[in-house]
file model-v1.txt (compact mmCIF, C-alpha atoms)
# COMPACT_ATOMS: atom_id res chain seq x y z
CA MET A 15 12.85 20.51 10.35
CA ALA A 16 10.17 18.12 9.10
CA GLY A 17 12.21 17.51 5.95
CA LEU A 18 15.30 16.63 7.95
CA GLU A 19 13.33 14.22 10.11
CA LEU A 20 11.83 12.61 7.01
CA ILE A 21 15.28 12.01 5.52
CA ALA A 22 16.67 10.73 8.82
CA ALA A 23 13.70 8.38 9.18
CA PHE A 24 14.23 7.06 5.65
CA VAL A 25 17.92 6.41 6.34
CA LEU A 26 16.95 4.55 9.52
CA ALA A 27 14.33 2.53 7.63
CA PHE A 28 16.88 1.58 4.99
CA ALA A 29 19.36 0.60 7.70
CA VAL A 30 16.71 -1.62 9.30
CA SER A 31 16.02 -3.37 6.01
CA LEU A 32 19.77 -3.94 5.55
CA LEU A 33 19.86 -5.30 9.10
CA VAL A 34 17.06 -7.76 8.37
CA TYR A 35 18.98 -8.84 5.27
CA ALA A 36 22.26 -9.22 7.15
CA PHE A 37 20.51 -11.18 9.91
CA GLY A 38 19.99 -14.16 7.65
CA ARG A 39 23.24 -15.00 5.92
CA GLY A 40 23.04 -17.38 3.01
CA LEU A 41 23.97 -20.84 4.20
CA SER A 42 24.88 -22.76 1.10
CA GLY A 43 26.89 -22.03 -2.03
CA LYS A 44 25.54 -21.50 -5.51
CA SER A 45 25.50 -24.13 -8.17
CA GLY A 46 25.39 -23.35 -11.88
CA GLU A 47 21.86 -24.51 -12.70
CA LYS A 48 20.22 -22.40 -10.04
CA LEU A 49 21.47 -19.26 -11.72
CA GLU A 50 19.37 -19.89 -14.82
CA PRO A 51 16.21 -17.77 -15.13
CA TYR A 52 13.06 -19.67 -14.20
CA ALA A 53 11.30 -21.12 -17.26
CA CYS A 54 8.92 -23.87 -16.09
CA GLY A 55 11.49 -26.56 -16.89
CA GLU A 56 11.59 -25.72 -20.58
CA SER A 57 14.75 -24.40 -22.14
CA LEU A 58 13.82 -21.00 -23.50
CA PRO A 59 16.34 -18.83 -25.31
CA ASP A 60 17.69 -15.74 -23.55
CA GLU A 61 16.09 -12.67 -24.93
CA GLU A 62 15.67 -9.05 -24.08
CA LEU A 63 12.32 -8.68 -22.39
CA ARG A 64 10.53 -5.38 -22.33
CA ALA A 65 7.26 -4.25 -20.82
CA ARG A 66 4.78 -3.40 -23.56
CA VAL A 67 4.22 0.29 -24.29
CA HIS A 68 0.59 -0.34 -23.42
CA VAL A 69 1.48 -0.17 -19.74
CA TYR A 70 2.91 3.31 -20.01
CA TRP A 71 -0.47 4.61 -21.21
CA TYR A 72 -1.80 3.70 -17.80
CA ALA A 73 1.07 5.55 -16.21
CA VAL A 74 0.14 8.67 -18.23
CA LEU A 75 -3.50 8.28 -17.26
CA PHE A 76 -2.47 7.87 -13.65
CA LEU A 77 -0.44 11.06 -13.82
CA VAL A 78 -3.45 13.02 -15.12
CA PHE A 79 -5.65 11.84 -12.26
CA ASP A 80 -2.82 12.28 -9.80
CA ILE A 81 -2.55 15.95 -10.64
CA VAL A 82 -6.32 16.39 -10.46
CA ALA A 83 -6.32 14.81 -7.00
CA VAL A 84 -3.55 17.08 -5.78
CA MET A 85 -5.47 20.06 -7.12
CA PHE A 86 -8.47 18.86 -5.14
CA ALA A 87 -6.39 18.72 -2.01
CA MET A 88 -4.87 22.14 -2.61
CA THR A 89 -8.20 23.93 -3.08
CA LYS A 90 -8.90 23.14 0.56
CA GLY A 91 -5.38 23.34 1.87
CA LEU A 92 -4.67 26.74 0.40
CA SER A 93 -7.77 28.44 1.74
CA VAL A 94 -5.65 31.55 2.24
CA ALA A 95 -5.14 31.90 -1.50
CA TRP A 96 -8.65 30.87 -2.54
CA SER A 97 -11.87 32.13 -1.08
CA ALA A 98 -14.28 29.36 -0.08
CA SER A 99 -16.61 29.87 -3.04
CA ALA A 100 -13.77 30.16 -5.55
CA SER A 101 -12.23 26.88 -4.36
CA LEU A 102 -15.64 25.20 -4.55
CA VAL A 103 -16.06 26.38 -8.14
CA LEU A 104 -12.56 25.12 -8.91
CA VAL A 105 -13.31 21.68 -7.45
CA LEU A 106 -16.54 21.41 -9.40
CA ALA A 107 -14.81 22.56 -12.60
CA TYR A 108 -12.11 19.91 -12.14
CA SER A 109 -14.62 17.16 -11.50
CA ALA A 110 -16.47 18.20 -14.68
CA LEU A 111 -13.13 17.98 -16.50
CA VAL A 112 -12.55 14.48 -15.11
CA ALA A 113 -16.06 13.43 -16.13
CA ILE A 114 -15.46 14.68 -19.69
CA ALA A 115 -12.06 13.01 -19.81
CA LEU A 116 -13.60 9.71 -18.72
CA LEU A 117 -16.32 9.98 -21.36
CA VAL A 118 -13.75 10.71 -24.07
CA LEU A 119 -11.43 7.91 -22.96
CA ARG A 120 -14.24 5.37 -22.92
CA GLY A 121 -14.48 5.45 -26.71
CA GLY A 122 -11.68 5.53 -29.23
CA ARG A 123 -8.56 3.90 -27.92
CA GLY A 124 -10.30 1.21 -25.93
CA TRP A 125 -7.73 1.01 -23.20
CA ILE A 126 -10.15 1.69 -20.44
CA MET B 16 15.99 14.91 16.61
CA ASP B 17 16.77 13.65 20.10
CA ILE B 18 17.33 10.23 21.63
CA GLY B 19 13.63 9.88 22.49
CA TRP B 20 12.67 10.39 18.86
CA LEU B 21 15.31 7.90 17.73
CA VAL B 22 14.06 5.26 20.16
CA GLY B 23 10.53 6.02 19.01
CA VAL B 24 11.43 5.46 15.38
CA LEU B 25 13.44 2.29 15.95
CA LEU B 26 11.44 0.60 18.70
CA TYR B 27 8.07 1.90 19.85
CA PRO B 28 5.89 2.99 18.09
CA GLY B 29 8.28 2.78 15.16
CA PHE B 30 9.86 -0.02 13.17
CA ALA B 31 10.06 -2.81 15.78
CA PHE B 32 6.47 -2.30 16.93
CA VAL B 33 5.11 -1.98 13.40
CA SER B 34 6.97 -5.09 12.21
CA THR B 35 5.61 -7.09 15.13
CA LEU B 36 2.14 -5.76 14.41
CA ALA B 37 2.63 -6.68 10.73
CA LEU B 38 3.44 -10.31 11.58
CA PHE B 39 0.51 -10.36 14.01
CA PHE B 40 -1.80 -9.02 11.29
CA GLU B 41 -0.60 -11.70 8.89
CA TRP B 42 -1.40 -14.33 11.49
CA VAL B 43 -4.88 -12.86 12.11
CA ASP B 44 -5.47 -12.68 8.36
CA ARG B 45 -4.39 -16.27 7.78
CA ARG B 46 -6.38 -17.64 10.74
CA LEU B 47 -9.55 -15.78 9.77
CA TYR B 48 -9.18 -16.76 6.13
CA ALA B 49 -8.69 -20.40 7.12
CA ARG B 50 -11.68 -20.38 9.48
CA MET B 51 -13.87 -18.89 6.74
CA GLN B 52 -12.86 -21.82 4.54
CA ASN B 53 -13.49 -24.32 7.35
CA ARG B 54 -9.76 -24.96 7.82
CA PHE B 55 -7.59 -24.42 10.90
CA GLY B 56 -4.79 -22.33 9.46
CA PRO B 57 -1.46 -22.14 11.31
CA ILE B 58 -1.70 -23.90 14.71
CA TYR B 59 1.66 -25.49 15.54
CA THR B 60 4.17 -22.66 16.07
CA GLY B 61 3.51 -20.91 19.36
CA PRO B 62 0.10 -20.62 21.02
CA TYR B 63 -2.58 -20.90 18.33
CA GLY B 64 0.18 -20.72 15.71
CA ILE B 65 0.79 -17.04 16.42
CA LEU B 66 4.52 -17.36 15.69
CA GLN B 67 4.01 -18.95 12.25
CA PRO B 68 4.56 -15.71 10.23
CA LEU B 69 7.79 -15.09 12.17
CA ALA B 70 8.91 -18.67 11.56
CA ASP B 71 8.20 -18.27 7.84
CA LEU B 72 10.18 -15.04 7.75
CA VAL B 73 13.18 -16.51 9.57
CA LYS B 74 13.10 -19.59 7.33
CA LEU B 75 13.22 -17.42 4.21
CA LEU B 76 16.02 -15.31 5.70
CA THR B 77 18.25 -18.35 6.16
CA LYS B 78 17.67 -19.69 2.64
CA GLU B 79 20.17 -19.49 -0.18
CA ASP B 80 20.11 -16.10 -1.88
CA ILE B 81 20.08 -16.65 -5.64
CA ALA B 82 20.31 -13.96 -8.30
CA PRO B 83 19.91 -15.48 -11.79
CA ARG B 84 22.66 -14.54 -14.23
CA THR B 85 20.32 -12.60 -16.53
CA VAL B 86 19.02 -10.03 -14.01
CA ASP B 87 19.75 -6.32 -14.04
CA ARG B 88 21.81 -6.65 -10.89
CA ALA B 89 21.68 -3.14 -9.43
CA LEU B 90 17.90 -2.71 -9.68
CA TYR B 91 17.19 -6.34 -8.80
CA THR B 92 19.19 -6.06 -5.58
CA LEU B 93 18.07 -2.60 -4.57
CA THR B 94 14.28 -2.91 -4.96
CA PRO B 95 13.60 -5.24 -1.98
CA PHE B 96 15.43 -2.87 0.38
CA LEU B 97 13.72 0.21 -1.01
CA THR B 98 10.28 -1.45 -0.86
CA LEU B 99 10.66 -2.42 2.78
CA SER B 100 12.15 0.90 3.84
CA THR B 101 9.51 2.92 1.97
CA SER B 102 6.64 1.04 3.58
CA LEU B 103 8.27 1.24 7.02
CA LEU B 104 8.79 4.97 6.52
CA ALA B 105 5.13 5.47 5.62
CA THR B 106 3.96 3.78 8.84
CA LEU B 107 5.78 6.43 10.89
CA PHE B 108 3.01 8.84 9.90
CA LEU B 109 0.32 6.68 11.52
CA PRO B 110 -0.90 8.04 14.87
CA ILE B 111 -0.34 4.81 16.80
CA ALA B 112 0.80 5.90 20.25
CA GLY B 113 -1.03 9.22 20.44
CA TYR B 114 -2.92 11.67 18.30
CA GLU B 115 0.22 12.40 16.31
CA GLY B 116 2.50 10.04 14.44
CA LEU B 117 6.29 10.16 14.84
CA LEU B 118 6.42 12.20 11.66
CA SER B 119 3.64 14.72 11.48
CA PHE B 120 3.23 17.98 9.60
CA GLU B 121 0.53 19.74 7.60
CA GLY B 122 0.29 17.94 4.28
CA ASP B 123 1.57 14.55 5.46
CA LEU B 124 -1.49 12.86 3.90
CA VAL B 125 -0.09 13.74 0.48
CA VAL B 126 3.32 12.36 1.51
CA VAL B 127 1.82 9.03 2.60
CA VAL B 128 0.00 8.71 -0.73
CA ALA B 129 3.20 9.61 -2.61
CA LEU B 130 5.08 6.90 -0.69
CA LEU B 131 2.41 4.38 -1.70
CA THR B 132 2.93 5.38 -5.33
CA ILE B 133 6.67 4.85 -4.94
CA ILE B 134 5.95 1.31 -3.73
CA CYS B 135 3.96 0.71 -6.97
CA ILE B 136 6.86 1.92 -9.08
CA LEU B 137 9.30 -0.26 -7.14
CA THR B 138 7.05 -3.28 -7.74
CA PHE B 139 7.16 -2.64 -11.47
CA LEU B 140 10.94 -2.16 -11.43
CA ALA B 141 11.45 -5.36 -9.43
CA GLY B 142 9.59 -7.37 -12.06
CA VAL B 143 11.15 -5.71 -15.07
CA SER B 144 14.71 -5.94 -13.71
CA SER B 145 14.31 -9.72 -13.32
CA TRP B 146 14.53 -10.27 -17.11
CA ASN B 147 12.22 -13.24 -16.90
CA ARG B 148 9.08 -13.55 -19.01
CA PHE B 149 6.86 -14.37 -16.04
CA SER B 150 8.27 -11.47 -14.06
CA VAL B 151 7.92 -8.95 -16.87
CA MET B 152 4.35 -10.00 -17.55
CA GLY B 153 3.57 -9.86 -13.83
CA ALA B 154 5.16 -6.43 -13.62
CA GLU B 155 3.04 -5.16 -16.51
CA ARG B 156 -0.10 -6.38 -14.82
CA ALA B 157 1.02 -5.00 -11.47
CA ALA B 158 1.66 -1.56 -12.97
CA MET B 159 -1.75 -1.53 -14.65
CA GLN B 160 -3.51 -2.57 -11.47
CA LEU B 161 -1.60 -0.58 -8.88
CA LEU B 162 -1.67 2.68 -10.84
CA GLY B 163 -5.38 2.25 -11.52
CA TYR B 164 -6.27 1.70 -7.88
CA GLU B 165 -3.88 4.31 -6.53
CA VAL B 166 -6.21 7.04 -7.85
CA PRO B 167 -9.37 6.07 -5.90
CA LEU B 168 -7.19 5.43 -2.84
CA MET B 169 -5.70 8.89 -3.10
CA LEU B 170 -9.04 10.56 -3.72
CA SER B 171 -10.65 8.85 -0.73
CA VAL B 172 -7.74 9.92 1.48
CA ILE B 173 -7.99 13.48 0.22
CA GLY B 174 -11.78 13.44 0.63
CA ALA B 175 -11.30 12.60 4.31
CA GLY B 176 -8.80 15.45 4.55
CA ILE B 177 -11.30 17.85 2.99
CA SER B 178 -14.08 16.77 5.36
CA ALA B 179 -11.82 17.38 8.34
CA GLY B 180 -10.42 20.61 6.93
CA SER B 181 -6.85 19.44 7.35
CA LEU B 182 -4.32 17.62 5.20
CA SER B 183 -2.52 16.00 8.11
CA LEU B 184 -3.37 12.70 9.79
CA SER B 185 -3.29 14.29 13.25
CA GLY B 186 -5.62 17.05 12.01
CA VAL B 187 -8.13 14.47 10.78
CA VAL B 188 -7.90 12.61 14.11
CA ARG B 189 -8.45 15.81 16.10
CA TYR B 190 -11.42 16.76 13.94
CA GLN B 191 -12.99 13.36 14.51
CA ALA B 192 -12.37 13.57 18.25
CA SER B 193 -14.55 16.69 18.42
CA HIS B 194 -17.00 16.16 15.54
CA GLY B 195 -17.54 12.40 15.46
CA TRP B 196 -16.09 9.76 13.16
CA LEU B 197 -16.11 10.44 9.46
CA ILE B 198 -17.70 7.07 8.72
CA ALA B 199 -21.01 8.53 9.96
CA GLY B 200 -21.64 10.47 6.77
CA PRO B 201 -20.20 10.42 3.25
CA GLY B 202 -17.05 8.99 4.83
CA ALA B 203 -18.74 5.57 4.65
CA LEU B 204 -18.29 5.76 0.88
CA GLY B 205 -14.70 6.91 1.40
CA LEU B 206 -13.93 3.93 3.65
CA ALA B 207 -15.51 1.52 1.16
CA LEU B 208 -13.37 2.96 -1.65
CA LEU B 209 -10.27 2.82 0.53
CA VAL B 210 -10.85 -0.82 1.49
CA VAL B 211 -11.38 -1.96 -2.12
CA ALA B 212 -8.38 0.02 -3.35
CA SER B 213 -6.24 -1.32 -0.48
CA GLN B 214 -7.11 -4.86 -1.44
CA ALA B 215 -5.92 -4.14 -4.98
CA GLU B 216 -2.77 -2.42 -3.71
CA LEU B 217 -1.95 -5.48 -1.64
CA GLU B 218 -2.56 -7.74 -4.67
CA ARG B 219 -4.81 -10.05 -2.70
CA LEU B 220 -7.86 -11.89 -3.99
CA PRO B 221 -9.91 -10.84 -5.97
CA PHE B 222 -7.08 -8.63 -7.25
CA ASP B 223 -4.21 -11.12 -7.35
CA ILE B 224 -3.89 -10.79 -11.13
CA PRO B 225 -0.20 -9.69 -11.02
CA GLU B 226 0.78 -12.97 -9.36
CA ALA B 227 -1.92 -15.32 -10.61
CA GLU B 228 0.00 -18.50 -9.79
CA GLN B 229 -1.77 -20.73 -12.30
CA GLU B 230 -0.64 -18.48 -15.14
CA LEU B 231 2.46 -16.59 -14.02
CA VAL B 232 4.21 -18.76 -11.39
CA ALA B 233 4.68 -15.92 -8.88
CA GLY B 234 4.32 -12.93 -11.20
CA TRP B 235 6.82 -10.14 -10.65
CA LEU B 236 8.26 -12.05 -7.66
CA THR B 237 9.23 -15.14 -9.69
CA GLU B 238 13.00 -14.64 -9.64
CA TYR B 239 13.16 -13.53 -6.01
CA SER B 240 14.18 -16.06 -3.43
CA GLY B 241 15.62 -16.31 0.06
CA ARG B 242 16.41 -13.10 1.86
CA LYS B 243 15.20 -10.76 -0.86
CA LEU B 244 11.86 -12.54 -0.97
CA ALA B 245 11.73 -12.29 2.84
CA LEU B 246 12.13 -8.52 2.56
CA PHE B 247 9.26 -8.32 0.06
CA ARG B 248 7.07 -10.51 2.25
CA LEU B 249 7.73 -8.37 5.30
CA ALA B 250 7.12 -5.23 3.24
CA ARG B 251 3.76 -6.63 2.15
CA ASP B 252 2.75 -7.22 5.78
CA VAL B 253 3.90 -3.75 6.80
CA GLU B 254 1.86 -2.31 3.91
CA MET B 255 -1.14 -4.22 5.23
CA VAL B 256 -0.73 -2.50 8.60
CA LEU B 257 -0.26 0.82 6.82
CA LEU B 258 -3.43 0.57 4.73
CA ALA B 259 -5.60 -0.89 7.51
CA GLY B 260 -4.22 1.78 9.84
CA LEU B 261 -4.92 4.48 7.29
CA GLY B 262 -8.55 3.39 7.01
CA ALA B 263 -8.86 3.28 10.81
CA THR B 264 -7.24 6.69 11.20
CA LEU B 265 -9.12 8.56 8.52
CA PHE B 266 -12.61 7.17 8.90
CA LEU B 267 -12.88 5.36 12.26
CA GLY B 268 -11.43 8.05 14.51
CA GLY B 269 -7.90 6.60 14.71
CA PRO B 270 -6.44 6.33 18.22
CA HIS B 271 -9.34 8.30 19.70
CA ALA B 272 -12.24 6.57 21.41
CA PRO B 273 -14.90 8.33 23.46
CA LEU B 274 -14.51 8.03 27.27
CA LEU B 275 -11.10 6.34 27.01
CA PRO B 276 -7.86 8.14 28.00
CA GLU B 277 -5.21 8.85 25.37
CA ALA B 278 -2.90 6.35 27.10
CA LEU B 279 -4.98 3.55 25.61
CA ALA B 280 -4.42 4.93 22.09
CA PRO B 281 -2.24 2.02 20.80
CA LEU B 282 -4.86 -0.52 21.85
CA VAL B 283 -7.73 1.46 20.31
CA PHE B 284 -5.75 2.02 17.12
CA THR B 285 -4.87 -1.68 16.80
CA LEU B 286 -8.46 -2.78 17.37
CA LYS B 287 -9.77 -0.38 14.72
CA ALA B 288 -7.07 -1.44 12.25
CA LEU B 289 -8.06 -5.05 12.95
CA ALA B 290 -11.65 -4.14 12.08
CA VAL B 291 -10.47 -2.86 8.68
CA LEU B 292 -8.29 -5.96 8.30
CA PHE B 293 -11.38 -8.09 8.92
CA LEU B 294 -13.05 -6.44 5.91
CA LEU B 295 -9.96 -7.14 3.79
CA THR B 296 -9.90 -10.80 4.87
CA LEU B 297 -13.63 -11.18 4.30
CA MET B 298 -13.23 -9.85 0.77
CA ARG B 299 -10.40 -12.29 0.10
CA ALA B 300 -12.54 -15.21 1.27
CA ILE B 301 -15.69 -14.23 -0.62
CA PHE B 302 -14.49 -13.37 -4.12
CA ALA B 303 -12.72 -15.25 -6.90
CA ARG B 304 -10.06 -13.61 -9.06
CA PHE B 305 -11.17 -10.95 -11.54
CA ARG B 306 -10.18 -11.08 -15.18
CA ILE B 307 -7.83 -8.31 -16.27
CA ASP B 308 -10.52 -6.42 -18.17
CA GLN B 309 -12.90 -6.64 -15.20
CA MET B 310 -10.16 -5.33 -12.92
CA LEU B 311 -9.58 -2.32 -15.21
CA GLU B 312 -13.32 -1.76 -15.57
CA VAL B 313 -13.86 -1.68 -11.81
CA SER B 314 -11.09 0.81 -11.30
CA TRP B 315 -11.48 3.32 -14.16
CA ARG B 316 -15.22 3.18 -14.73
CA LEU B 317 -16.55 2.53 -11.26
CA LEU B 318 -14.18 3.43 -8.44
CA ILE B 319 -12.66 6.60 -9.88
CA PRO B 320 -15.99 8.29 -10.73
CA LEU B 321 -17.30 7.25 -7.30
CA ALA B 322 -14.16 8.64 -5.67
CA VAL B 323 -14.53 11.95 -7.50
CA LEU B 324 -18.17 12.01 -6.39
CA TYR B 325 -17.05 11.40 -2.81
CA VAL B 326 -14.58 14.28 -2.94
CA VAL B 327 -17.22 16.62 -4.38
CA ILE B 328 -19.76 15.60 -1.70
CA ALA B 329 -17.13 16.07 1.00
CA ARG B 330 -16.27 19.50 -0.37
CA VAL B 331 -19.88 20.62 -0.76
CA MET B 332 -20.80 19.44 2.73
CA TYR B 333 -17.79 21.06 4.36
call {"tool": "encode", "arguments": {"input": "model-v1.txt", "output": "structure tokens"}}
result
Amino acid sequence: MAGLELIAAFVLAFAVSLLVYAFGRGLSGKSGEKLEPYACGESLPDEELRARVHVYWYAVLFLVFDIVAVMFAMTKGLSVAWSASASLVLVLAYSALVAIALLVLRGGRGWI
Amino acid sequence: MDIGWLVGVLLYPGFAFVSTLALFFEWVDRRLYARMQNRFGPIYTGPYGILQPLADLVKLLTKEDIAPRTVDRALYTLTPFLTLSTSLLATLFLPIAGYEGLLSFEGDLVVVVALLTIICILTFLAGVSSWNRFSVMGAERAAMQLLGYEVPLMLSVIGAGISAGSLSLSGVVRYQASHGWLIAGPGALGLALLVVASQAELERLPFDIPEAEQELVAGWLTEYSGRKLALFRLARDVEMVLLAGLGATLFLGGPHAPLLPEALAPLVFTLKALAVLFLLTLMRAIFARFRIDQMLEVSWRLLIPLAVLYVVIARVMY
């Protein structure tokens, strides 16, 4: 039931954003120059622009911490599956892991 | 799903209420910020300039809607809608009109955090799909910053959940109603982490690196204009309500206040969210922009270890 409500709420939210968009209709037409990409008044050649791979390292790092955080949450949330002391040990083990990971990542690559 | 729920989602305490609150928060933020700099801020539109954010929004909505010929059209067009609807959706979880939000189930804290992450990804996609060098560079910076600060934000939210023994916002509120606010305890650290991370999520000073206007024009927003820009602006304000509301809910007792009836919940909630907003505004007025390396340093070397420490303390004390 909660899932259905979530989807319905998202559809409604999307409809509202469309409504806001439709509320203000563009008033004037489009001239050719305005369609050029912004370039500070210089004429720069068109080129394929890509985000540097560098950025994706942060995404990977984020994913690692993301999973750790969810594990943190689950040790408490799933108290049925884990006894209190076992979940505590798990949390401490994970934080030790994070500490080690941070220490390792500080050297070497130099991206944090 | 009945009519009452539908009205709740669309009007009060759903989208219409939250959007109004968002524009009100922007006005409060701008006025406070201006006063801290010895300026007046908006004063002409409506009493004390309270209608200025609405006027700005309407102005942008009526402007010409330009999509440069180089953009990746599908992504470029879709991201503003998805950003606004995702942030609006996330606010439905906030317990504004009572101890429970319109959407509420065990584990909704994780859903709110996941929605915030989706907003980060949409920001990156918006910049990259613009095919403009300023946008792409802004998007790179935004991805670095938002992903880095998402982690402490998430850990502080989860730490609050652990302290309260529940992974739902209403559970945390109920716990605080009977055991006192979480800020009186290790939750103070949690709130501090949440406020700093929120500031970075909102890309406001000192974390406005992704749109540093002296270097990058408007960063990932450079190619957006008119109605699409209006959607992003509104989404930003809604996100401000969401993050301030999250801080108020998790650490300041949310809609609950001692001695006051539950009917006053919206007022109590708004006042507490305004208190968090005050911290955000104060931070914006005090600090100058960080360099990129300082921004990364603060997140990965300072905030994340502190956040892990907070979660461990919360777990040990539980």
call {"tool": "closest_atom_pairs", "arguments": {"input": "model-v1.txt", "of": "chain B", "to": "chain A", "cutoff": "7 Å", "atoms": "all atoms listed in the file", "output": "Markdown table"}}
result
| residue | atom | partner | partner_atom | distance |
| --- | --- | --- | --- | --- |
| B:Leu76 | CA | A:Gly38 | CA | 4.6 |
| B:Thr77 | CA | A:Gly38 | CA | 4.8 |
| B:Lys78 | CA | A:Gly40 | CA | 5.9 |
| B:Glu79 | CA | A:Gly40 | CA | 4.8 |
| B:Asp80 | CA | A:Gly40 | CA | 5.8 |
| B:Ile81 | CA | A:Leu49 | CA | 6.8 |
| B:Ala82 | CA | A:Leu49 | CA | 6.4 |
| B:Pro83 | CA | A:Leu49 | CA | 4.1 |
| B:Arg84 | CA | A:Leu49 | CA | 5.5 |
| B:Thr85 | CA | A:Pro51 | CA | 6.8 |
| B:Phe96 | CA | A:Ser31 | CA | 5.7 |
| B:Leu97 | CA | A:Phe28 | CA | 6.9 |
| B:Leu99 | CA | A:Ser31 | CA | 6.3 |
| B:Ser100 | CA | A:Ala27 | CA | 4.7 |
| B:Leu103 | CA | A:Ala27 | CA | 6.2 |
| B:Leu104 | CA | A:Phe24 | CA | 5.9 |
| B:Phe120 | CA | A:Ala16 | CA | 7.0 |
| B:Trp146 | CA | A:Leu63 | CA | 5.9 |
| B:Asn147 | CA | A:Pro51 | CA | 6.3 |
| B:Arg148 | CA | A:Leu63 | CA | 6.8 |
| B:Val151 | CA | A:Ala65 | CA | 6.2 |
| B:Glu155 | CA | A:Ala65 | CA | 6.1 |
| B:Ala158 | CA | A:Val69 | CA | 6.9 |
| B:Met159 | CA | A:Tyr72 | CA | 6.1 |
| B:Leu162 | CA | A:Phe76 | CA | 6.0 |
| B:Gly163 | CA | A:Phe76 | CA | 6.7 |
| B:Val166 | CA | A:Asp80 | CA | 6.5 |
| B:Leu170 | CA | A:Ala83 | CA | 6.0 |
| B:Ile173 | CA | A:Ala87 | CA | 5.9 |
| B:Ile177 | CA | A:Lys90 | CA | 6.3 |
| B:Ser181 | CA | A:Gly91 | CA | 6.9 |
| B:Leu182 | CA | A:Gly91 | CA | 6.7 |
| B:Glu238 | CA | A:Tyr52 | CA | 6.8 |
| B:Arg242 | CA | A:Tyr35 | CA | 6.0 |
| B:Leu311 | CA | A:Ile126 | CA | 6.6 |
| B:Glu312 | CA | A:Ile126 | CA | 6.8 |
| B:Trp315 | CA | A:Ile126 | CA | 6.6 |
| B:Val323 | CA | A:Ser109 | CA | 6.6 |
| B:Val327 | CA | A:Leu106 | CA | 7.0 |
call {"tool": "atom_distance", "arguments": {"input": "model-v1.txt", "atom1": "atom CA of A:Leu111", "atom2": "atom CA of B:Tyr325"}}
result
15.7 Å
call {"tool": "atom_distance", "arguments": {"input": "model-v1.txt", "atom1": "atom CA of B:Gln309", "atom2": "atom CA of B:Arg219"}}
result
15.3 Å
call {"tool": "residues_around", "arguments": {"input": "model-v1.txt", "residues": "B:Ala70", "least_positions_apart": "2", "cutoff": "12 Å", "atoms": "all atoms listed in the file", "output": "NGL selection string"}}
result
:B and (38 or 42 or 57 or 59-61 or 64-68 or 72-77 or 245)
call {"tool": "residues_near_point", "arguments": {"input": "model-v1.txt", "point": "(-5.7, 12.0, 17.4)", "cutoff": "7 Å", "atoms": "all atoms listed in the file", "output": "CSV table (one decimal) with C-alpha atoms, keeping the file's coordinate frame"}}
result
chain,number,residue,atom,x,y,z
B,110,PRO,CA,-0.9,8.0,14.9
B,113,GLY,CA,-1.0,9.2,20.4
B,114,TYR,CA,-2.9,11.7,18.3
B,115,GLU,CA,0.2,12.4,16.3
B,185,SER,CA,-3.3,14.3,13.2
B,188,VAL,CA,-7.9,12.6,14.1
B,189,ARG,CA,-8.4,15.8,16.1
B,192,ALA,CA,-12.4,13.6,18.2
B,269,GLY,CA,-7.9,6.6,14.7
B,270,PRO,CA,-6.4,6.3,18.2
B,271,HIS,CA,-9.3,8.3,19.7
call {"tool": "atom_distance", "arguments": {"input": "model-v1.txt", "atom1": "atom CA of B:Gly268", "atom2": "atom CA of B:Leu220"}}
result
27.4 Å
call {"tool": "closest_residue", "arguments": {"input": "model-v1.txt", "among": "B:Ala215, B:Met298, B:Leu231, B:Leu109", "to": "B:Thr264", "atoms": "all atoms listed in the file"}}
result
B:Leu109
call {"tool": "decode", "arguments": {"input": "model-v1.txt", "residues": "stretch 178-186 of chain B", "atoms": "N, CA and C atoms", "output": "compact mmCIF listing (two decimals), in the first residue's frame"}}
result
# COMPACT_ATOMS: atom_id res chain seq x y z
N SER B 178 19.26 6.52 17.48
CA SER B 178 18.98 7.02 18.83
C SER B 178 17.53 6.78 19.21
N ALA B 179 16.63 7.01 18.23
CA ALA B 179 15.20 6.89 18.53
C ALA B 179 14.72 5.46 18.40
N GLY B 180 15.55 4.58 17.87
CA GLY B 180 15.14 3.19 17.71
C GLY B 180 14.09 3.00 16.64
N SER B 181 14.06 3.89 15.65
CA SER B 181 13.08 3.76 14.59
C SER B 181 13.63 4.39 13.32
N LEU B 182 13.35 3.79 12.18
CA LEU B 182 13.82 4.36 10.92
C LEU B 182 12.71 5.11 10.19
N SER B 183 11.72 5.59 10.94
CA SER B 183 10.69 6.41 10.30
C SER B 183 10.65 7.76 10.98
N LEU B 184 10.30 8.80 10.21
CA LEU B 184 10.26 10.15 10.77
C LEU B 184 9.26 10.23 11.91
N SER B 185 8.08 9.58 11.74
CA SER B 185 7.08 9.66 12.80
C SER B 185 7.58 8.93 14.06
N GLY B 186 8.35 7.85 13.87
CA GLY B 186 8.92 7.14 15.01
C GLY B 186 9.89 8.02 15.79
